[in-house]
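**Student:** My structure is below; once you've seen it, I'll send some questions.
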Amino acid sequence: MNAVTPTHPDLTGLDGFRVEIDPARERADIILDRAPMNTVSMAQRDQLRKVFEALDDDDRVRVIVLRAVGEHFSSGGYIKGFLEASPEHVSKLAWNIAAPARCSKPVIVANRGYTFGVGFEISLACDFRIVSETCQYALPEQKLGQIPGSGGSARLQKIVGITRTKDIVMRSKRILGKQALDWGIATECVPDAELEAATDRLVDELRSFSPIAQRTAKKLLNDTEDSTLAIAIELEGHCYSRLRQSDDFREGVEAFHAKRAPKFIGS
């Protein structure tokens, strides 16, 4: 990857992770890099939010990838930090970790090895979860006399239902990569050596679509997750109507009839 060094103040001087941007591939990578198991500090959570917001505003970036250095994505949060943080700070944890979901651009996370606690929670906030067969998802907070505090149990329940969520949360149960795929938690499960290649393929696939259609689809699906079917269909119709006026829709139709690849511009 021909990455460039970011100069935006929110993309530099980061605690336990770094950002790489490849303008040629319209891709930004957020890379957890704190040996030995990419523990997430309290300060890092707020920095992650700011990074997602900065990349969302960066015209060079179409797709964001969250990944990690080493054999484990993250063993979770820095435990002692919870005792040192103020109640006001702790109350913002879920908002920070929800940043991938609020981001208008597609966000892919690549998970291998331990993906525990906040590592699992921020992965659940991403749009696509590519896991290796070594991945182990867990919300182990019960072992500390706590519960997940950054949206983990809430997001998980939406995906797998209350019975499986209770099994995972109340027993601090680990879910392996293949099981995560079977349960609908993971988008794709691949051998460990193929995780990067699978992530690359998905990045290139997402880049082939219209940016405005991708943004619209993500927001529509997020906004209607808790709505009634009637409201979801109504909102879908309004979004469809607006996209009919877009340059990308016209280009898509013309390319289809001309039997050529479309050249989307995002407007």
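Chain labels A, B, ... are given in the sequence in which chains occur in the structure tokens; within each chain residues are numbered consecutively from 1, and ligands are likewise numbered from 1 in the order shown.
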What lies within 9 Å of stretch 237-239 of chain A using only C-alpha atoms, ignoring chain neighbours under 5 positions off, as a list of chain:residue names?
**Tutor:**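 Near stretch 237-239 of chain A, the qualifying residues are A:Thr216, A:Ala217, A:Leu220, A:Ala232, A:Arg244.
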**Student:** Quick one: DSSP strand (DSSP E or B) residues in stretch 60-125 of chain A, as a list in words?
**Tutor:**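 These are the residues in question: Val63, Ile64, Val65, Leu66, Arg67, Ala68, Ser74, Gly77, Val107, Ile108, Val109, Ala110, Asn111, Tyr114, Thr115 and Phe116 of chain A.
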**Student:** Restricted to N, CA, C and O atoms, what would the selected residues look like written as a compact mmCIF listing (two decimals), in the first residue's frame?
**Tutor:**
```txt
# COMPACT_ATOMS: atom_id res chain seq x y z
N VAL A 63 -13.18 4.43 1.55
CA VAL A 63 -13.42 3.30 2.44
C VAL A 63 -12.42 3.36 3.59
O VAL A 63 -11.24 3.70 3.39
N ILE A 64 -12.89 3.05 4.79
CA ILE A 64 -12.03 3.04 5.98
C ILE A 64 -11.89 1.61 6.48
O ILE A 64 -12.88 0.87 6.57
N VAL A 65 -10.66 1.22 6.79
CA VAL A 65 -10.37 -0.12 7.32
C VAL A 65 -9.80 0.03 8.72
O VAL A 65 -8.87 0.79 8.95
N LEU A 66 -10.37 -0.71 9.66
CA LEU A 66 -9.85 -0.78 11.02
C LEU A 66 -9.19 -2.14 11.18
O LEU A 66 -9.83 -3.18 10.98
N ARG A 67 -7.90 -2.16 11.52
CA ARG A 67 -7.17 -3.42 11.66
C ARG A 67 -6.12 -3.28 12.75
O ARG A 67 -6.03 -2.23 13.39
N ALA A 68 -5.35 -4.33 12.95
CA ALA A 68 -4.40 -4.32 14.06
C ALA A 68 -3.11 -5.02 13.67
O ALA A 68 -3.08 -5.90 12.80
N SER A 74 -7.43 -7.04 19.63
CA SER A 74 -7.36 -6.29 20.88
C SER A 74 -7.86 -7.16 22.03
O SER A 74 -8.91 -7.80 21.91
N GLY A 77 -10.05 -3.14 26.80
CA GLY A 77 -9.64 -1.86 27.36
C GLY A 77 -8.61 -1.99 28.47
O GLY A 77 -8.43 -3.07 29.06
N VAL A 107 -17.16 1.22 6.54
CA VAL A 107 -16.08 0.90 7.45
C VAL A 107 -15.97 -0.62 7.56
O VAL A 107 -16.94 -1.31 7.90
N ILE A 108 -14.79 -1.13 7.27
CA ILE A 108 -14.49 -2.56 7.36
C ILE A 108 -13.57 -2.77 8.56
O ILE A 108 -12.62 -2.01 8.76
N VAL A 109 -13.81 -3.81 9.35
CA VAL A 109 -12.87 -4.19 10.39
C VAL A 109 -12.35 -5.58 10.09
O VAL A 109 -13.10 -6.46 9.66
N ALA A 110 -11.05 -5.78 10.28
CA ALA A 110 -10.41 -7.08 10.08
C ALA A 110 -10.00 -7.61 11.45
O ALA A 110 -9.15 -7.03 12.12
N ASN A 111 -10.63 -8.71 11.87
CA ASN A 111 -10.42 -9.26 13.21
C ASN A 111 -9.69 -10.60 13.15
O ASN A 111 -10.12 -11.50 12.44
N TYR A 114 -7.62 -12.57 19.66
CA TYR A 114 -8.49 -12.00 20.69
C TYR A 114 -9.13 -10.71 20.20
O TYR A 114 -8.44 -9.77 19.78
N THR A 115 -10.44 -10.65 20.27
CA THR A 115 -11.19 -9.43 19.97
C THR A 115 -12.19 -9.29 21.11
O THR A 115 -13.36 -9.65 20.99
N PHE A 116 -11.69 -8.77 22.22
CA PHE A 116 -12.44 -8.77 23.47
C PHE A 116 -12.89 -7.37 23.85
O PHE A 116 -12.29 -6.36 23.45
```
**Student:** With a cut-off of 8 Å, could you pull out the residues of stretch 46-160 of chain A touching stretch 189-210 of chain A and give me the nearest pair of atoms for each, distance in Å to one decimal, using only C-alpha atoms, ordered by chain and ascending number, as JSON lines?
**Tutor:**
```
{"residue": "A:Arg62", "atom": "CA", "partner": "A:Arg207", "partner_atom": "CA", "distance": 6.6}
{"residue": "A:Val63", "atom": "CA", "partner": "A:Val203", "partner_atom": "CA", "distance": 6.5}
{"residue": "A:Pro106", "atom": "CA", "partner": "A:Leu206", "partner_atom": "CA", "distance": 7.8}
{"residue": "A:Ile108", "atom": "CA", "partner": "A:Thr199", "partner_atom": "CA", "distance": 7.6}
{"residue": "A:Ala110", "atom": "CA", "partner": "A:Thr199", "partner_atom": "CA", "distance": 6.8}
{"residue": "A:Arg112", "atom": "CA", "partner": "A:Asp192", "partner_atom": "CA", "distance": 7.2}
{"residue": "A:Ile130", "atom": "CA", "partner": "A:Cys189", "partner_atom": "CA", "distance": 6.1}
{"residue": "A:Val131", "atom": "CA", "partner": "A:Cys189", "partner_atom": "CA", "distance": 4.8}
{"residue": "A:Ser132", "atom": "CA", "partner": "A:Asp192", "partner_atom": "CA", "distance": 4.7}
{"residue": "A:Glu133", "atom": "CA", "partner": "A:Pro191", "partner_atom": "CA", "distance": 5.4}
{"residue": "A:Thr134", "atom": "CA", "partner": "A:Asp192", "partner_atom": "CA", "distance": 6.4}
```
**Student:** Using DSSP assignments from the backbone, pull out every residue in stretch 3-183 of chain A that falls under alpha helix (DSSP H) and give it to me as number ranges by chain.
**Tutor:** A: 42-56, 79-84, 87-90, 93-97, 99-102, 118-124, 152-160, 162-170, 177-182
**Student:** Please determine, counting only C-alpha atoms, which residue among A:Arg129, A:Lys178, A:Lys105, A:Lys143 has the shortest atom-to-atom distance to A:Gly266.
**Tutor:**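 Ranking A:Arg129, A:Lys178, A:Lys105, A:Lys143 by distance to A:Gly266, first place goes to A:Lys105.
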**Student:** Which is closer to A:Arg171 than all the others in A:Gly16, A:Gly76, A:Pro140, A:Pro36, using only C-alpha atoms?
**Tutor:**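 Result for the nearest residue to A:Arg171: A:Pro140.
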**Student:** Which one of A:Thr224, A:Ser172, A:Gln214, A:Ser246 sits closest to A:Cys103 if you count only C-alpha atoms?
**Tutor:**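 Closest residue, counting only C-alpha atoms: A:Gln214.
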**Student:** Give the answer as one residue: which of A:Asn222, A:Thr228, A:Thr165, A:Gln245 has the shortest atom-to-atom distance to A:Ile185, using only C-alpha atoms?
**Tutor:**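 Of A:Asn222, A:Thr228, A:Thr165, A:Gln245, the one nearest A:Ile185 is A:Thr165, counting only C-alpha atoms.
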**Student:** Provide the atom CA of A:Ala125 to atom CA of A:Gly152 distance in Å, to one decimal place.
**Tutor:** 8.7 Å
**Student:** Contacts of stretch 41-49 of chain A at 6 Å or less, counting only C-alpha atoms, minus same-chain residues fewer than 5 places along, as a list in words?
**Tutor:**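 Contacts, in chain order: Asp15, Gly77, Tyr78, Asn96 and Ala99 of chain A.
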**Student:** When you count only C-alpha atoms, which of these residues is closest to A:Asp223: A:Glu254, A:Ala186, A:Ala101, A:Val169?
**Tutor:**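 Between A:Glu254, A:Ala186, A:Ala101, A:Val169, the residue approaching A:Asp223 most closely is A:Ala101.
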**Student:** Distance atom CA of A:Glu71-atom CA of A:Met37, one decimal place?
**Tutor:** 7.9 Å
**Student:** Please, what distance in Å, to one decimal, runs between atom CA of A:Leu139 and atom CA of A:Lys173?
**Tutor:**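 One can read the atom CA of A:Leu139 to atom CA of A:Lys173 distance as 7.3 Å.
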